[in-house]
Protein chains: 2
Amino acid sequence: MTIFSSKAEYGVRLMVELGRQEPGRPVSLKALADAESLPLAYLEQVVARLRKAGLVESARGAHGGYWLARPAEEITMDDVVEALEGAIAPMECFVQEDTERIVCSHVGDHGQACATKLLWTRVQGGIVRSLQTTTLADLVAFSRRTDPEPAAAPA
Amino acid sequence: MTIFSSKAEYGVRLMVELGRQEPGRPVSLKALADAESLPLAYLEQVVARLRKAGLVESARGAHGGYWLARPAEEITMDDVVEALEGAIAPMECFVQEDTERIVCSHVGDHGQACATKLLWTRVQGGIVRSLQTTTLADLVAFSRRTDPEPAAAPA
DNA sequence: TCATTGCCGACCCGAATGGTAGGATTTCCC
DNA sequence: GGGAAATCCTACCATTCGGGTCGGCAATGA
């Protein structure tokens, strides 16, 4: 089984690529698609989610493009993945309320709260914790270690 | 997004129900299906996975049924979920080799190991750790807290 | 004015999910 | 021996979803 869809993979790669660029200058989606060998039309849908979540900003028209809305150090992967995949719920019956609250709708079958709730809660905790403690800057630094060349944006 | 399918939900509930029973006596799938209000025919497929993974054993014929192959204390939810959902990989490009080894097939696009690897590895670690540190006995105890009645198996 | 780029909605195809149906086959009980 | 009660096994099916494609509109700079 795979946990995340390719939206998450593409979106994270896109964010990393943006993090590698020097800030203040927009990068066209075409350049990003070429750099990562990803289909441009599909990336449009992916980046739209990131924009609606306020993680990237954009400029239209010639020499337009995208850039990070905040410095990479202040972006936790928790936000990125949630923007791309939606709220992280281990199971359908988990509905996220406001903050940290978790509700299982299977309560009430015969008065018994389902025991699986305990398990899924722990799993969710494990995932969210690992996402929250990783910033985009971490990934950018990791990518520079293997490929120090910045992708030479010929805007 | 939901992480696990209903196979995991049903299978875990089934294991918990088996854990609530006194050992040594087989419980019919029909009784389990009734206790959890789940479709019998579908549960057959679910329990087949648990049996093939060696987590439950079975006896055919009248008064046959299922029981835990090991005491609940010795069953980690890691094993249960893996039997039900298959190997846990955060992303398609993760292929589990023999033990703990993780490989990302996206290496080589332009010599750059994908930075997402770092992230997915951490996430997988968070999940596996939470599953390994929870035993079936934990869930059984949790379920008894809310519903102390053992489900009165009328064989 | 025109190329470049972001933005948006419709459509589409294959695979997986969540089942159902039906028939073996084995075993206990009378 | 004959049911009845069970596990087992395979095939099938409806719907959803993932992973895209396509076409067109809107805005912006040269």
# chains A, B, ... in the order shown; residues from 1 in each chain; ligands from 1
>>> residues_around(residues="DC17 (chain D)", least_positions_apart="2", cutoff="10 Å", atoms="only C-alpha atoms (C1' of nucleotides)", output="count of residues only")
5
>>> closest_atom_pairs(of="chain D", to="chain A", cutoff="8 Å", atoms="only C-alpha atoms (C1' of nucleotides)", output="JSON lines")
{"residue": "D:DG18", "atom": "C1'", "partner": "A:Ser5", "partner_atom": "CA", "distance": 7.6}
{"residue": "D:DG20", "atom": "C1'", "partner": "A:Tyr42", "partner_atom": "CA", "distance": 6.4}
{"residue": "D:DT21", "atom": "C1'", "partner": "A:Ala41", "partner_atom": "CA", "distance": 7.6}
{"residue": "D:DA27", "atom": "C1'", "partner": "A:Gly61", "partner_atom": "CA", "distance": 5.4}
{"residue": "D:DT28", "atom": "C1'", "partner": "A:Gly61", "partner_atom": "CA", "distance": 3.9}
{"residue": "D:DG29", "atom": "C1'", "partner": "A:Ala62", "partner_atom": "CA", "distance": 5.6}
>>> closest_atom_pairs(of="chain A", to="chain B", cutoff="8 Å", atoms="only C-alpha atoms", output="JSON lines")
{"residue": "A:Met1", "atom": "CA", "partner": "B:Gly86", "partner_atom": "CA", "distance": 5.7}
{"residue": "A:Thr2", "atom": "CA", "partner": "B:Ala89", "partner_atom": "CA", "distance": 5.0}
{"residue": "A:Ile3", "atom": "CA", "partner": "B:Pro90", "partner_atom": "CA", "distance": 4.6}
{"residue": "A:Phe4", "atom": "CA", "partner": "B:Met91", "partner_atom": "CA", "distance": 5.8}
{"residue": "A:Ser5", "atom": "CA", "partner": "B:Met91", "partner_atom": "CA", "distance": 7.0}
{"residue": "A:Ser6", "atom": "CA", "partner": "B:Met91", "partner_atom": "CA", "distance": 7.7}
{"residue": "A:Glu9", "atom": "CA", "partner": "B:Thr116", "partner_atom": "CA", "distance": 7.0}
{"residue": "A:Val12", "atom": "CA", "partner": "B:Thr116", "partner_atom": "CA", "distance": 6.7}
{"residue": "A:Arg13", "atom": "CA", "partner": "B:Thr116", "partner_atom": "CA", "distance": 6.6}
{"residue": "A:Val16", "atom": "CA", "partner": "B:Ala115", "partner_atom": "CA", "distance": 7.6}
{"residue": "A:Glu85", "atom": "CA", "partner": "B:Met1", "partner_atom": "CA", "distance": 5.9}
{"residue": "A:Gly86", "atom": "CA", "partner": "B:Met1", "partner_atom": "CA", "distance": 5.6}
{"residue": "A:Ala87", "atom": "CA", "partner": "B:Met1", "partner_atom": "CA", "distance": 6.1}
{"residue": "A:Ile88", "atom": "CA", "partner": "B:Met1", "partner_atom": "CA", "distance": 5.7}
{"residue": "A:Ala89", "atom": "CA", "partner": "B:Thr2", "partner_atom": "CA", "distance": 5.0}
{"residue": "A:Pro90", "atom": "CA", "partner": "B:Ile3", "partner_atom": "CA", "distance": 4.6}
{"residue": "A:Met91", "atom": "CA", "partner": "B:Thr2", "partner_atom": "CA", "distance": 5.2}
{"residue": "A:Glu92", "atom": "CA", "partner": "B:Thr2", "partner_atom": "CA", "distance": 6.0}
{"residue": "A:Gly111", "atom": "CA", "partner": "B:Asp147", "partner_atom": "CA", "distance": 7.7}
{"residue": "A:Gln112", "atom": "CA", "partner": "B:Asp147", "partner_atom": "CA", "distance": 5.8}
{"residue": "A:Ala113", "atom": "CA", "partner": "B:Thr146", "partner_atom": "CA", "distance": 6.7}
{"residue": "A:Cys114", "atom": "CA", "partner": "B:Ser143", "partner_atom": "CA", "distance": 7.0}
{"residue": "A:Ala115", "atom": "CA", "partner": "B:Ser143", "partner_atom": "CA", "distance": 5.1}
{"residue": "A:Thr116", "atom": "CA", "partner": "B:Arg13", "partner_atom": "CA", "distance": 6.6}
{"residue": "A:Leu118", "atom": "CA", "partner": "B:Leu139", "partner_atom": "CA", "distance": 7.1}
{"residue": "A:Leu119", "atom": "CA", "partner": "B:Thr134", "partner_atom": "CA", "distance": 7.4}
{"residue": "A:Arg122", "atom": "CA", "partner": "B:Ser130", "partner_atom": "CA", "distance": 6.0}
{"residue": "A:Val123", "atom": "CA", "partner": "B:Ile127", "partner_atom": "CA", "distance": 5.5}
{"residue": "A:Gln124", "atom": "CA", "partner": "B:Ile127", "partner_atom": "CA", "distance": 7.7}
{"residue": "A:Gly126", "atom": "CA", "partner": "B:Gly126", "partner_atom": "CA", "distance": 4.4}
{"residue": "A:Ile127", "atom": "CA", "partner": "B:Gly126", "partner_atom": "CA", "distance": 5.4}
{"residue": "A:Arg129", "atom": "CA", "partner": "B:Gly126", "partner_atom": "CA", "distance": 7.6}
{"residue": "A:Ser130", "atom": "CA", "partner": "B:Val123", "partner_atom": "CA", "distance": 5.5}
{"residue": "A:Leu131", "atom": "CA", "partner": "B:Val123", "partner_atom": "CA", "distance": 6.7}
{"residue": "A:Thr134", "atom": "CA", "partner": "B:Leu119", "partner_atom": "CA", "distance": 7.4}
{"residue": "A:Leu139", "atom": "CA", "partner": "B:Ala115", "partner_atom": "CA", "distance": 5.7}
{"residue": "A:Val140", "atom": "CA", "partner": "B:Ala115", "partner_atom": "CA", "distance": 7.3}
{"residue": "A:Phe142", "atom": "CA", "partner": "B:Ala115", "partner_atom": "CA", "distance": 6.2}
{"residue": "A:Ser143", "atom": "CA", "partner": "B:Ala115", "partner_atom": "CA", "distance": 5.1}
{"residue": "A:Thr146", "atom": "CA", "partner": "B:Gln112", "partner_atom": "CA", "distance": 6.0}
{"residue": "A:Asp147", "atom": "CA", "partner": "B:Gln112", "partner_atom": "CA", "distance": 5.8}
>>> select_by_dssp(residues="region 28-147 of chain B", states="alpha helix (DSSP H)", output="ChimeraX atom specification")
/B:29-36,40-52,77-85,116-132,136-146
>>> residues_around(residues="DC29 (chain C)", least_positions_apart="2", cutoff="10 Å", atoms="only C-alpha atoms (C1' of nucleotides)", output="list in words")
Ala62 of chain B; DT27 of chain C; DG3 and DA4 of chain D
>>> closest_residue(among="C:DA21, C:DC2, C:DA10, C:DC28", to="chain B", atoms="only C-alpha atoms (C1' of nucleotides)")
C:DC28
>>> atom_distance(atom1="CA of Ile75 (chain B)", atom2="CA of Ala33 (chain B)")
21.8 Å
>>> closest_residue(among="C:DA3, C:DG19, C:DA24, C:DC12", to="chain A", atoms="only C-alpha atoms (C1' of nucleotides)")
C:DA3
>>> select_by_dssp(residues="region 7-142 of chain A", states="strand (DSSP E)", output="list in words")
Val56, Glu57, Ser58, Ala59, Gly65, Tyr66, Trp67, Leu68, Phe94, Val95, Gln96, Ile102, Val103 and Cys104 of chain A
>>> closest_atom_pairs(of="chain C", to="chain A", cutoff="9 Å", atoms="only C-alpha atoms (C1' of nucleotides)", output="CSV")
residue,atom,partner,partner_atom,distance
C:DA3,C1',A:Ala62,CA,8.0
C:DT4,C1',A:Ala62,CA,4.4
C:DT5,C1',A:Gly61,CA,4.6
C:DG6,C1',A:Arg60,CA,4.7
C:DC7,C1',A:Glu44,CA,8.7
>>> atom_distance(atom1="CA of Asp79 (chain B)", atom2="CA of Glu22 (chain B)")
21.7 Å
>>> atom_distance(atom1="CA of Leu32 (chain A)", atom2="C1' of DG14 (chain C)")
27.6 Å
